[in-house]
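Trainee: Quick one, upload23.json (JSON, C-alpha atoms):
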```json
[["chain", "number", "residue", "atom", "x", "y", "z"],
["A", 1, "MET", "CA", 4.20, -14.29, 60.13],
["A", 2, "THR", "CA", 2.43, -11.08, 59.11],
["A", 3, "HIS", "CA", -1.32, -10.69, 58.80],
["A", 4, "ALA", "CA", -0.73, -9.98, 55.10],
["A", 5, "ALA", "CA", 0.95, -13.34, 54.62],
["A", 6, "ARG", "CA", -1.84, -15.16, 56.45],
["A", 7, "LEU", "CA", -4.50, -13.31, 54.43],
["A", 8, "ALA", "CA", -2.67, -14.20, 51.22],
["A", 9, "ILE", "CA", -2.80, -17.87, 52.14],
["A", 10, "ALA", "CA", -6.49, -17.66, 53.02],
["A", 11, "THR", "CA", -7.32, -15.84, 49.78],
["A", 12, "PHE", "CA", -5.28, -18.35, 47.79],
["A", 13, "VAL", "CA", -7.31, -21.17, 49.26],
["A", 14, "LEU", "CA", -10.78, -19.65, 49.54],
["A", 15, "LEU", "CA", -10.85, -18.48, 46.09],
["A", 16, "ALA", "CA", -10.33, -21.51, 44.11],
["A", 17, "ALA", "CA", -7.00, -35.72, 73.21],
["A", 18, "CYS", "CA", -3.90, -37.43, 74.46],
["A", 19, "ALA", "CA", -3.83, -41.08, 75.74],
["A", 20, "SER", "CA", -4.25, -40.46, 79.50],
["A", 21, "PRO", "CA", -6.95, -42.09, 81.63],
["A", 22, "GLN", "CA", -8.75, -38.74, 81.76],
["A", 23, "ARG", "CA", -8.80, -38.12, 78.02],
["A", 24, "GLY", "CA", -8.43, -41.58, 76.54],
["A", 25, "VAL", "CA", -7.66, -42.60, 73.01],
["A", 26, "VAL", "CA", -10.02, -41.11, 70.46],
["A", 27, "ALA", "CA", -9.14, -42.88, 67.24],
["A", 28, "GLN", "CA", -12.20, -43.13, 65.02],
["A", 29, "SER", "CA", -11.47, -46.73, 64.20],
["A", 30, "SER", "CA", -12.71, -47.60, 67.70],
["A", 31, "VAL", "CA", -16.29, -46.48, 67.01],
["A", 32, "SER", "CA", -18.98, -47.23, 64.49],
["A", 33, "PRO", "CA", -18.65, -45.70, 61.01],
["A", 34, "ALA", "CA", -19.79, -42.09, 60.95],
["A", 35, "PRO", "CA", -22.99, -41.17, 59.16],
["A", 36, "SER", "CA", -22.38, -40.19, 55.56],
["A", 37, "THR", "CA", -23.62, -36.70, 56.39],
["A", 38, "ALA", "CA", -20.87, -36.06, 58.96],
["A", 39, "PRO", "CA", -18.38, -33.47, 57.69],
["A", 40, "GLU", "CA", -14.85, -34.56, 56.81],
["A", 41, "VAL", "CA", -12.17, -32.66, 58.74],
["A", 42, "LEU", "CA", -8.45, -32.62, 58.01],
["A", 43, "LEU", "CA", -6.33, -31.39, 60.92],
["A", 44, "ARG", "CA", -2.97, -30.16, 59.60],
["A", 45, "LEU", "CA", -0.44, -29.40, 62.31],
["A", 46, "ASP", "CA", 2.38, -27.19, 61.02],
["A", 47, "ASP", "CA", 6.01, -26.46, 61.97],
["A", 48, "ILE", "CA", 6.72, -29.95, 63.33],
["A", 49, "GLY", "CA", 10.42, -30.46, 63.94],
["A", 50, "MET", "CA", 10.91, -26.74, 64.62],
["A", 51, "ASN", "CA", 12.16, -27.43, 68.13],
["A", 52, "HIS", "CA", 11.86, -29.89, 71.01],
["A", 53, "SER", "CA", 8.82, -28.11, 72.49],
["A", 54, "VAL", "CA", 6.85, -28.56, 69.29],
["A", 55, "ASN", "CA", 7.91, -32.20, 69.02],
["A", 56, "MET", "CA", 6.80, -32.86, 72.61],
["A", 57, "ALA", "CA", 3.41, -31.41, 71.71],
["A", 58, "ILE", "CA", 3.00, -33.53, 68.59],
["A", 59, "GLU", "CA", 3.89, -36.60, 70.63],
["A", 60, "GLU", "CA", 0.97, -35.77, 72.95],
["A", 61, "VAL", "CA", -1.45, -35.34, 70.07],
["A", 62, "ALA", "CA", -0.16, -38.54, 68.46],
["A", 63, "ALA", "CA", -0.96, -40.43, 71.67],
["A", 64, "THR", "CA", -4.69, -39.76, 71.11],
["A", 65, "LYS", "CA", -4.39, -41.88, 67.93],
["A", 66, "MET", "CA", -6.43, -39.33, 66.00],
["A", 67, "PRO", "CA", -5.61, -39.47, 62.28],
["A", 68, "ILE", "CA", -3.96, -36.13, 61.55],
["A", 69, "SER", "CA", -1.55, -34.63, 59.04],
["A", 70, "VAL", "CA", 1.69, -32.93, 60.06],
["A", 71, "SER", "CA", 3.90, -30.60, 58.05],
["A", 72, "VAL", "CA", 7.53, -31.08, 59.04],
["A", 73, "LEU", "CA", 10.25, -28.44, 58.76],
["A", 74, "PHE", "CA", 13.02, -30.69, 57.44],
["A", 75, "VAL", "CA", 15.35, -27.66, 57.37],
["A", 76, "CYS", "CA", 15.40, -27.54, 61.19],
["A", 77, "PRO", "CA", 17.82, -29.54, 63.35],
["A", 78, "TRP", "CA", 15.01, -31.00, 65.49],
["A", 79, "TYR", "CA", 13.37, -32.71, 62.50],
["A", 80, "GLN", "CA", 15.29, -35.88, 63.41],
["A", 81, "GLU", "CA", 13.44, -36.19, 66.72],
["A", 82, "ALA", "CA", 10.17, -35.61, 64.89],
["A", 83, "VAL", "CA", 11.01, -38.47, 62.53],
["A", 84, "ASP", "CA", 11.46, -40.85, 65.46],
["A", 85, "ILE", "CA", 8.07, -39.85, 66.89],
["A", 86, "LEU", "CA", 6.26, -40.12, 63.56],
["A", 87, "LYS", "CA", 7.67, -43.55, 62.76],
["A", 88, "LYS", "CA", 5.81, -44.84, 65.82],
["A", 89, "ASN", "CA", 2.51, -43.32, 64.68],
["A", 90, "PRO", "CA", 1.39, -44.62, 61.28],
["A", 91, "GLN", "CA", -2.01, -42.96, 61.69],
["A", 92, "ILE", "CA", -0.30, -39.64, 60.96],
["A", 93, "ALA", "CA", 0.21, -38.47, 57.37],
["A", 94, "VAL", "CA", 3.49, -36.61, 56.89],
["A", 95, "GLY", "CA", 4.17, -33.66, 54.64],
["A", 96, "VAL", "CA", 7.16, -31.45, 53.89],
["A", 97, "HIS", "CA", 6.71, -27.88, 55.10],
["A", 98, "LEU", "CA", 8.69, -26.31, 52.26],
["A", 99, "ALA", "CA", 10.64, -23.43, 53.80],
["A", 100, "LEU", "CA", 12.13, -20.31, 52.27],
["A", 101, "ASN", "CA", 11.91, -18.25, 55.47],
["A", 102, "SER", "CA", 13.21, -18.30, 59.04],
["A", 103, "GLU", "CA", 11.08, -15.97, 61.18],
["A", 104, "TRP", "CA", 12.22, -16.23, 64.81],
["A", 105, "ARG", "CA", 14.58, -13.73, 66.44],
["A", 106, "GLY", "CA", 17.64, -15.52, 67.77],
["A", 107, "TYR", "CA", 16.65, -18.89, 66.34],
["A", 108, "ARG", "CA", 17.33, -19.09, 62.63],
["A", 109, "TRP", "CA", 17.80, -21.80, 60.03],
["A", 110, "GLY", "CA", 19.08, -21.93, 56.51],
["A", 111, "PRO", "CA", 18.79, -24.08, 53.40],
["A", 112, "VAL", "CA", 19.55, -27.78, 53.20],
["A", 113, "LEU", "CA", 21.97, -26.97, 50.37],
["A", 114, "GLY", "CA", 23.80, -24.32, 52.40],
["A", 115, "LYS", "CA", 24.71, -20.73, 51.62],
["A", 116, "GLY", "CA", 27.11, -21.74, 48.88],
["A", 117, "GLY", "CA", 24.57, -23.93, 47.14],
["A", 118, "VAL", "CA", 21.73, -21.40, 46.96],
["A", 119, "PRO", "CA", 23.25, -17.96, 47.66],
["A", 120, "SER", "CA", 20.28, -15.97, 46.35],
["A", 121, "LEU", "CA", 17.97, -17.50, 48.99],
["A", 122, "VAL", "CA", 19.86, -16.37, 52.10],
["A", 123, "ASP", "CA", 20.96, -13.28, 53.96],
["A", 124, "SER", "CA", 24.56, -12.31, 54.66],
["A", 125, "ALA", "CA", 24.73, -14.75, 57.58],
["A", 126, "GLY", "CA", 23.51, -17.68, 55.49],
["A", 127, "TYR", "CA", 20.00, -17.88, 56.95],
["A", 128, "PHE", "CA", 16.70, -17.75, 55.13],
["A", 129, "ARG", "CA", 15.16, -14.25, 55.14],
["A", 130, "SER", "CA", 12.81, -13.56, 58.00],
["A", 131, "SER", "CA", 9.71, -12.56, 56.04],
["A", 132, "GLY", "CA", 7.88, -13.54, 52.90],
["A", 133, "GLU", "CA", 7.85, -9.93, 51.82],
["A", 134, "GLY", "CA", 11.63, -9.72, 52.25],
["A", 135, "PHE", "CA", 12.09, -12.87, 50.21],
["A", 136, "LEU", "CA", 9.85, -11.66, 47.39],
["A", 137, "ALA", "CA", 11.69, -8.32, 47.28],
["A", 138, "SER", "CA", 15.07, -10.06, 46.99],
["A", 139, "HIS", "CA", 16.76, -11.20, 43.80],
["A", 140, "TYR", "CA", 16.01, -14.87, 44.32],
["A", 141, "ASP", "CA", 16.86, -17.33, 41.57],
["A", 142, "LEU", "CA", 14.02, -19.69, 40.63],
["A", 143, "GLY", "CA", 16.50, -22.43, 39.74],
["A", 144, "GLU", "CA", 17.95, -22.22, 43.23],
["A", 145, "VAL", "CA", 14.45, -22.30, 44.70],
["A", 146, "GLU", "CA", 13.69, -25.52, 42.83],
["A", 147, "ARG", "CA", 16.96, -27.15, 43.84],
["A", 148, "GLU", "CA", 16.46, -26.24, 47.50],
["A", 149, "LEU", "CA", 12.83, -27.36, 47.67],
["A", 150, "SER", "CA", 13.83, -30.62, 46.00],
["A", 151, "ALA", "CA", 16.61, -31.07, 48.56],
["A", 152, "GLN", "CA", 14.12, -30.61, 51.39],
["A", 153, "VAL", "CA", 11.86, -33.30, 49.92],
["A", 154, "GLU", "CA", 14.82, -35.63, 49.37],
["A", 155, "ARG", "CA", 15.89, -35.19, 53.00],
["A", 156, "ALA", "CA", 12.35, -36.10, 54.03],
["A", 157, "LEU", "CA", 12.29, -39.20, 51.82],
["A", 158, "ALA", "CA", 15.72, -40.26, 53.09],
["A", 159, "SER", "CA", 14.36, -40.22, 56.67],
["A", 160, "GLY", "CA", 12.40, -43.39, 55.97],
["A", 161, "LEU", "CA", 9.01, -41.76, 56.56],
["A", 162, "LYS", "CA", 6.22, -42.12, 54.04],
["A", 163, "ILE", "CA", 5.71, -38.63, 52.64],
["A", 164, "SER", "CA", 2.24, -37.77, 51.35],
["A", 165, "TYR", "CA", 2.26, -34.08, 50.49],
["A", 166, "VAL", "CA", 3.98, -30.71, 50.54],
["A", 167, "ASP", "CA", 2.86, -27.27, 51.62],
["A", 168, "ALA", "CA", 4.44, -23.83, 52.00],
["A", 169, "HIS", "CA", 5.88, -22.49, 55.27],
["A", 170, "MET", "CA", 4.52, -18.94, 55.65],
["A", 171, "GLY", "CA", 3.01, -19.29, 52.19],
["A", 172, "THR", "CA", 6.19, -18.17, 50.45],
["A", 173, "ALA", "CA", 6.71, -21.18, 48.17],
["A", 174, "TRP", "CA", 3.36, -20.45, 46.49],
["A", 175, "ALA", "CA", 3.31, -16.66, 46.90],
["A", 176, "ASN", "CA", 3.27, -15.87, 43.18],
["A", 177, "PRO", "CA", 2.63, -17.80, 39.96],
["A", 178, "GLN", "CA", 6.32, -18.42, 39.25],
["A", 179, "LEU", "CA", 7.01, -19.84, 42.71],
["A", 180, "ARG", "CA", 3.81, -21.87, 42.57],
["A", 181, "GLU", "CA", 4.93, -23.46, 39.29],
["A", 182, "VAL", "CA", 8.22, -24.45, 40.93],
["A", 183, "MET", "CA", 6.44, -26.00, 43.90],
["A", 184, "GLU", "CA", 4.09, -27.89, 41.60],
["A", 185, "ARG", "CA", 7.02, -29.29, 39.61],
["A", 186, "VAL", "CA", 8.70, -30.45, 42.79],
["A", 187, "ALA", "CA", 5.54, -32.16, 44.01],
["A", 188, "LYS", "CA", 5.01, -33.84, 40.64],
["A", 189, "LYS", "CA", 8.63, -35.00, 40.48],
["A", 190, "TYR", "CA", 8.24, -36.88, 43.76],
["A", 191, "ASN", "CA", 4.60, -37.95, 43.21],
["A", 192, "LEU", "CA", 3.31, -35.96, 46.18],
["A", 193, "GLY", "CA", 0.09, -34.14, 46.92],
["A", 194, "ILE", "CA", -0.12, -30.44, 47.71],
["A", 195, "SER", "CA", -2.14, -29.12, 50.63],
["A", 196, "THR", "CA", -5.11, -27.01, 49.42],
["A", 197, "TYR", "CA", -5.02, -28.70, 45.97],
["A", 198, "PHE", "CA", -7.75, -31.19, 46.93],
["A", 199, "GLY", "CA", -10.53, -28.59, 47.01],
["A", 200, "GLU", "CA", -10.32, -28.13, 50.79],
["A", 201, "ASP", "CA", -12.10, -25.37, 52.67],
["A", 202, "TYR", "CA", -9.28, -23.67, 54.61],
["A", 203, "PHE", "CA", -9.44, -22.34, 58.17],
["A", 204, "THR", "CA", -6.66, -21.42, 60.58],
["A", 205, "LEU", "CA", -6.53, -20.94, 64.34],
["A", 206, "TRP", "CA", -3.36, -18.86, 64.04],
["A", 207, "GLY", "CA", -4.80, -15.37, 64.57],
["A", 208, "GLU", "CA", -7.57, -16.28, 66.98],
["A", 209, "PRO", "CA", -7.35, -14.95, 70.57],
["A", 210, "VAL", "CA", -5.55, -17.27, 72.96],
["A", 211, "ALA", "CA", -8.54, -17.73, 75.27],
["A", 212, "ALA", "CA", -10.94, -18.33, 72.38],
["A", 213, "LYS", "CA", -9.05, -21.02, 70.43],
["A", 214, "LYS", "CA", -11.19, -23.95, 71.57],
["A", 215, "SER", "CA", -14.54, -22.20, 71.29],
["A", 216, "VAL", "CA", -13.65, -20.87, 67.84],
["A", 217, "LEU", "CA", -12.70, -24.33, 66.61],
["A", 218, "LEU", "CA", -15.82, -25.95, 68.03],
["A", 219, "SER", "CA", -17.99, -23.25, 66.50],
["A", 220, "HIS", "CA", -16.29, -23.71, 63.14],
["A", 221, "LEU", "CA", -16.75, -27.49, 63.28],
["A", 222, "ALA", "CA", -20.42, -27.08, 64.15],
["A", 223, "LYS", "CA", -20.99, -25.43, 60.78],
["A", 224, "ALA", "CA", -18.38, -27.37, 58.82],
["A", 225, "LYS", "CA", -19.11, -27.95, 55.15],
["A", 226, "ARG", "CA", -20.36, -31.35, 54.07],
["A", 227, "ASP", "CA", -19.59, -31.09, 50.37],
["A", 228, "THR", "CA", -15.81, -30.75, 50.75],
["A", 229, "VAL", "CA", -12.98, -31.48, 53.16],
["A", 230, "ASN", "CA", -12.60, -28.93, 55.96],
["A", 231, "LEU", "CA", -8.89, -28.14, 56.38],
["A", 232, "ILE", "CA", -7.94, -26.78, 59.82],
["A", 233, "GLU", "CA", -4.43, -25.34, 60.19],
["A", 234, "VAL", "CA", -3.04, -25.71, 63.72],
["A", 235, "HIS", "CA", 0.25, -24.88, 65.49],
["A", 236, "VAL", "CA", 1.06, -26.66, 68.75],
["A", 237, "ALA", "CA", 3.81, -26.44, 71.35],
["A", 238, "GLU", "CA", 4.48, -27.29, 74.97],
["A", 239, "ARG", "CA", 5.04, -24.39, 77.35],
["A", 240, "THR", "CA", 8.79, -24.56, 78.04],
["A", 241, "PRO", "CA", 11.61, -22.03, 78.55],
["A", 242, "GLU", "CA", 12.72, -22.91, 75.02],
["A", 243, "MET", "CA", 9.35, -21.96, 73.60],
["A", 244, "GLU", "CA", 8.94, -18.91, 75.82],
["A", 245, "ALA", "CA", 12.08, -17.46, 74.21],
["A", 246, "ILE", "CA", 10.53, -17.58, 70.72],
["A", 247, "PHE", "CA", 9.90, -14.09, 69.29],
["A", 248, "ASP", "CA", 8.16, -13.53, 65.95],
["A", 249, "MET", "CA", 9.97, -10.91, 63.87],
["A", 250, "ASN", "CA", 6.95, -10.41, 61.60],
["A", 251, "ALA", "CA", 3.86, -10.35, 63.83],
["A", 252, "PRO", "CA", 4.07, -7.99, 66.84],
["A", 253, "GLU", "CA", 0.65, -9.16, 68.01],
["A", 254, "GLN", "CA", 2.16, -12.62, 68.56],
["A", 255, "ASN", "CA", 4.64, -11.18, 71.08],
["A", 256, "ALA", "CA", 2.25, -9.46, 73.48],
["A", 257, "PRO", "CA", 2.30, -10.31, 77.20],
["A", 258, "GLY", "CA", 0.02, -13.29, 77.75],
["A", 259, "ALA", "CA", -0.46, -13.63, 74.00],
["A", 260, "GLY", "CA", 2.99, -14.56, 72.81],
["A", 261, "VAL", "CA", 3.90, -17.34, 70.43],
["A", 262, "VAL", "CA", 4.09, -19.84, 73.29],
["A", 263, "ASP", "CA", 0.65, -18.82, 74.56],
["A", 264, "HIS", "CA", -0.96, -19.20, 71.15],
["A", 265, "ARG", "CA", 0.63, -22.54, 70.38],
["A", 266, "ASN", "CA", 0.06, -24.02, 73.81],
["A", 267, "ALA", "CA", -3.61, -22.99, 73.62],
["A", 268, "GLU", "CA", -3.89, -24.76, 70.27],
["A", 269, "LEU", "CA", -2.29, -27.85, 71.79],
["A", 270, "LYS", "CA", -4.88, -27.82, 74.58],
["A", 271, "THR", "CA", -7.59, -27.46, 71.95],
["A", 272, "MET", "CA", -6.32, -30.56, 70.13],
["A", 273, "LEU", "CA", -6.35, -32.47, 73.44],
["A", 274, "SER", "CA", -9.73, -31.16, 74.59],
["A", 275, "PRO", "CA", -12.49, -33.58, 75.65],
["A", 276, "GLU", "CA", -14.88, -31.72, 73.36],
["A", 277, "LEU", "CA", -12.85, -32.46, 70.23],
["A", 278, "ALA", "CA", -12.31, -36.04, 71.38],
["A", 279, "GLU", "CA", -16.06, -36.49, 71.77],
["A", 280, "LEU", "CA", -16.79, -35.16, 68.26],
["A", 281, "VAL", "CA", -14.34, -37.70, 66.87],
["A", 282, "ARG", "CA", -15.47, -40.58, 69.10],
["A", 283, "THR", "CA", -19.15, -40.15, 68.28],
["A", 284, "GLY", "CA", -18.56, -39.69, 64.56],
["A", 285, "LYS", "CA", -19.97, -36.17, 64.44],
["A", 286, "ILE", "CA", -16.90, -35.32, 62.41],
["A", 287, "ARG", "CA", -14.88, -37.72, 60.26],
["A", 288, "LEU", "CA", -11.14, -37.16, 60.38],
["A", 289, "VAL", "CA", -9.21, -37.67, 57.15],
["A", 290, "THR", "CA", -5.55, -37.12, 56.31],
["A", 291, "TYR", "CA", -3.55, -36.24, 53.23],
["A", 292, "GLN", "CA", -2.73, -39.92, 52.82],
["A", 293, "THR", "CA", -6.49, -40.48, 52.66],
["A", 294, "MET", "CA", -6.76, -37.79, 50.00],
["A", 295, "MET", "CA", -3.88, -39.18, 47.96],
["A", 296, "THR", "CA", -5.46, -42.64, 48.03],
["A", 297, "ARG", "CA", -8.85, -41.22, 47.10],
["A", 298, "ILE", "CA", -7.82, -38.72, 44.42],
["A", 299, "GLY", "CA", -4.15, -39.30, 43.63],
["A", 300, "PRO", "CA", -1.64, -36.77, 42.31],
["A", 301, "SER", "CA", -3.36, -36.65, 38.92],
["A", 302, "GLY", "CA", -6.48, -35.22, 40.57],
["A", 303, "LEU", "CA", -4.78, -32.17, 42.09],
["A", 304, "LYS", "CA", -6.32, -28.84, 41.11],
["A", 305, "PRO", "CA", -4.64, -25.60, 42.17],
["A", 306, "PRO", "CA", -6.81, -22.93, 43.74],
["A", 307, "ARG", "CA", -7.00, -19.75, 41.74],
["A", 308, "LEU", "CA", -4.18, -17.40, 42.78],
["A", 309, "VAL", "CA", -5.15, -13.74, 42.94],
["A", 310, "MET", "CA", -2.27, -11.30, 43.27]]
```
Show how you would write the structure in this file as structure tokens.

Mentor:
Amino acid sequence: MTHAARLAIATFVLLAACASPQRGVVAQSSVSPAPSTAPEVLLRLDDIGMNHSVNMAIEEVAATKMPISVSVLFVCPWYQEAVDILKKNPQIAVGVHLALNSEWRGYRWGPVLGKGGVPSLVDSAGYFRSSGEGFLASHYDLGEVERELSAQVERALASGLKISYVDAHMGTAWANPQLREVMERVAKKYNLGISTYFGEDYFTLWGEPVAAKKSVLLSHLAKAKRDTVNLIEVHVAERTPEMEAIFDMNAPEQNAPGAGVVDHRNAELKTMLSPELAELVRTGKIRLVTYQTMMTRIGPSGLKPPRLVM
């Protein structure tokens, strides 16, 4: 994903440890209730179901029993493995990572409805376009967008998982007012929340240096807001040959030696499994919430879109 796409997501929002003997289980339900002054933190792990390496990582995070939210790419073949993992972990709130892009060189995916069903959304090979900019510059049909996003949600619902919310892979499904209206209609049709529509304060680890991921997160949590939910966007993956082959066609800085996609995502996995984060959760210095929490608390009628500045 390009820096421009990430900055667009941030502007859109701002303007409106695994179960081993060493780390232990860190579910907050095992400790006393947190003080009312402790900040609420929502960890949203994206791109689940992208491949086996990502699914292995989410299984590790799930073993900590931390309440988290995960955005699943139901357009990807590996989503079925993710479903099996998530069914065993009811503490995790599940969302649909609505996709209109496929950004990896040599590993591409296309729409649930296929090339013939939504021809304006794909390239000549039948895959989603690689960048948000490329999608926005194409002659996409909004009716096809709505049918495809609906099909992704329906695939998610058919999996048997409880679906709490939707969000936008690479920010494309909410990149302009017309697309945002489509996404909002889809969410309303299926009675789902929308990430960032609960007044969250958004922060992402995506562009942070590999070696600094943990310290950046801990620093951010130390000054987390107490008058709103602090949304932290995270991407995790195990270091495997599969993941080492991933190459981002949009962000050259994510392909540098020692700072490739696998390095970034494995560092974020280690951050999620760190003793420091586990201790913040265990002692109640932060209170973890999920999008299921937010839906129970506010409901779909309480959603308020951030102000979109183009």

Trainee: Per residue of segment 30-137 of chain A within 12 Å of segment 292-309 of chain A, what are the shortest atom pair and its distance in Å to one decimal, counting only C-alpha atoms, with rows by chain and residue number, as a tab-separated table?

Mentor:
```
residue	atom	partner	partner_atom	distance
A:Glu40	CA	A:Thr293	CA	11.1
A:Val41	CA	A:Thr293	CA	11.4
A:Leu42	CA	A:Met294	CA	9.7
A:Arg44	CA	A:Gln292	CA	11.9
A:Pro67	CA	A:Thr293	CA	9.7
A:Ile68	CA	A:Gln292	CA	9.6
A:Ser69	CA	A:Gln292	CA	8.3
A:Val70	CA	A:Gln292	CA	11.0
A:Pro90	CA	A:Gln292	CA	10.5
A:Gln91	CA	A:Gln292	CA	9.4
A:Ile92	CA	A:Gln292	CA	8.5
A:Ala93	CA	A:Gln292	CA	5.6
A:Val94	CA	A:Gln292	CA	8.1
A:Gly95	CA	A:Gln292	CA	9.5
```

Trainee: One number please: atom CA of Gly49 of chain A to atom CA of Met183 of chain A, in Å, one decimal.

Mentor: 20.9 Å

Trainee: What are the centre and edge lengths in Å, to one decimal, of the axis-aligned box around all listed atoms of segment 292-302 of chain A with 4 Å added on each side, as JSON?

Mentor:
```
{"center_x": -5.2, "center_y": -38.9, "center_z": 45.9, "size_x": 15.2, "size_y": 15.4, "size_z": 21.9}
```

Trainee: Residues at most 12 Å from Gly126 of chain A, counting all atoms listed in the file, excluding those fewer than 3 positions away in the same chain, as a list of chain:residue names?

Mentor: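 Residues near the query, excluding close chain neighbours: A:Asn101, A:Ser102, A:Arg108, A:Trp109, A:Gly110, A:Pro111, A:Val112, A:Leu113, A:Gly114, A:Lys115, A:Gly116, A:Gly117, A:Val118, A:Pro119, A:Ser120, A:Leu121, A:Val122, A:Asp123, A:Arg129, A:Ser130.
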
Trainee: In Å, how far is it from atom CA of Leu45 of chain A to atom CA of Gln178 of chain A?

Mentor: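 According to the coordinates, atom CA of Leu45 of chain A and atom CA of Gln178 of chain A are separated by 26.4 Å.
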
Trainee: At what distance in Å, to one decimal, does atom CA of Ser274 of chain A lie from atom CA of Phe198 of chain A?

Mentor: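 So the answer is 27.7 Å.
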
Trainee: Can you tell me, as a list of chain:residue names, what residues are no more than 10 Å from segment 222-230 of chain A when counting all atoms listed in the file, ignoring any on the same chain fewer than 6 positions away?

Mentor: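 Once the adjacent positions are removed, what remains is A:Ser36, A:Thr37, A:Ala38, A:Pro39, A:Glu40, A:Val41, A:Leu42, A:Leu43, A:Thr196, A:Phe198, A:Gly199, A:Glu200, A:Asp201, A:Tyr202, A:Phe203, A:Val216, A:Leu280, A:Lys285, A:Ile286, A:Arg287, A:Leu288, A:Val289, A:Thr290, A:Met294.
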
Trainee: Keeping only C-alpha atoms, write those residues as a short mmCIF file (atom, residue, chain, number, x, y, z; two decimals), keeping the file's coordinate frame.

Mentor:
```cif
data_model
loop_
_atom_site.label_atom_id
_atom_site.label_comp_id
_atom_site.auth_asym_id
_atom_site.auth_seq_id
_atom_site.Cartn_x
_atom_site.Cartn_y
_atom_site.Cartn_z
CA SER A 36 -22.38 -40.19 55.56
CA THR A 37 -23.62 -36.70 56.39
CA ALA A 38 -20.87 -36.06 58.96
CA PRO A 39 -18.38 -33.47 57.69
CA GLU A 40 -14.85 -34.56 56.81
CA VAL A 41 -12.17 -32.66 58.74
CA LEU A 42 -8.45 -32.62 58.01
CA LEU A 43 -6.33 -31.39 60.92
CA THR A 196 -5.11 -27.01 49.42
CA PHE A 198 -7.75 -31.19 46.93
CA GLY A 199 -10.53 -28.59 47.01
CA GLU A 200 -10.32 -28.13 50.79
CA ASP A 201 -12.10 -25.37 52.67
CA TYR A 202 -9.28 -23.67 54.61
CA PHE A 203 -9.44 -22.34 58.17
CA VAL A 216 -13.65 -20.87 67.84
CA LEU A 280 -16.79 -35.16 68.26
CA LYS A 285 -19.97 -36.17 64.44
CA ILE A 286 -16.90 -35.32 62.41
CA ARG A 287 -14.88 -37.72 60.26
CA LEU A 288 -11.14 -37.16 60.38
CA VAL A 289 -9.21 -37.67 57.15
CA THR A 290 -5.55 -37.12 56.31
CA MET A 294 -6.76 -37.79 50.00
#
```

Trainee: Could you give me, as a tab-separated table, every segment 161-210 of chain A residue with an atom at most 12 Å from segment 136-157 of chain A, plus its closest atom pair and distance in Å to one decimal, counting all atoms listed in the file, rows ordered by chain then number?

Mentor:
```
residue	atom	partner	partner_atom	distance
A:Leu161	CA	A:Leu157	CA	6.3
A:Lys162	CA	A:Leu157	CA	7.1
A:Ile163	CA	A:Leu157	CA	6.7
A:Ser164	CA	A:Leu157	CA	10.2
A:Tyr165	CA	A:Val153	CA	9.6
A:Val166	CA	A:Val153	CA	8.3
A:Asp167	CA	A:Leu149	CA	10.7
A:Ala168	CA	A:Leu149	CA	10.1
A:His169	CA	A:Leu149	CA	11.4
A:Gly171	CA	A:Leu136	CA	11.3
A:Thr172	CA	A:Leu136	CA	8.1
A:Ala173	CA	A:Val145	CA	8.6
A:Trp174	CA	A:Leu136	CA	11.0
A:Ala175	CA	A:Leu136	CA	8.2
A:Asn176	CA	A:Leu136	CA	8.9
A:Pro177	CA	A:Leu142	CA	11.6
A:Gln178	CA	A:Leu142	CA	7.9
A:Leu179	CA	A:Leu142	CA	7.3
A:Arg180	CA	A:Glu146	CA	10.5
A:Glu181	CA	A:Glu146	CA	9.7
A:Val182	CA	A:Glu146	CA	5.9
A:Met183	CA	A:Glu146	CA	7.3
A:Glu184	CA	A:Glu146	CA	10.0
A:Arg185	CA	A:Glu146	CA	8.3
A:Val186	CA	A:Ser150	CA	6.1
A:Ala187	CA	A:Ser150	CA	8.7
A:Lys188	CA	A:Ser150	CA	10.8
A:Lys189	CA	A:Ser150	CA	8.8
A:Tyr190	CA	A:Val153	CA	8.0
A:Asn191	CA	A:Val153	CA	10.9
A:Leu192	CA	A:Val153	CA	9.7
```

Trainee: Compare A:Ala63, A:Met50, A:Ala212, A:Met272 by their minimum atom-to-atom distance to Trp104 of chain A, counting all atoms listed in the file, and give me the closest one.

Mentor: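 That would be A:Met50, the residue with the smallest distance to Trp104 of chain A.
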
Trainee: As number ranges by chain, please: the residues near Asn55 of chain A (cut-off 9 Å, all atoms listed in the file, same-chain neighbours under 4 positions excluded).

Mentor: A: 48-51, 59-60, 78-79, 81-82, 85, 236-238

Trainee: So which one's closest to Gln80 of chain A, A:Gly160, A:Gly284, A:Gly106, A:Gly260? Using only C-alpha atoms, please.

Mentor: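 Nearest to Gln80 of chain A: A:Gly160.
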
Trainee: Restricting the calculation to all atoms listed in the file: of A:Lys88, A:Lys214, A:His52, A:Lys65, which residue gets closest to Pro275 of chain A?

Mentor: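 Looking at the shortest contact to Pro275 of chain A, the residue is A:Lys214.
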
Trainee: Could you check which of A:Ala125, A:Ile58, A:Leu98, A:Asp84 is closest to Asn266 of chain A, using all atoms listed in the file?

Mentor: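 Between A:Ala125, A:Ile58, A:Leu98, A:Asp84, the residue approaching Asn266 of chain A most closely is A:Ile58.
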
Trainee: Out of A:Lys270, A:Thr64, A:Ile194, A:Ile246, which residue has the shortest atom-to-atom distance to Tyr291 of chain A when counting all atoms listed in the file?

Mentor: A:Ile194
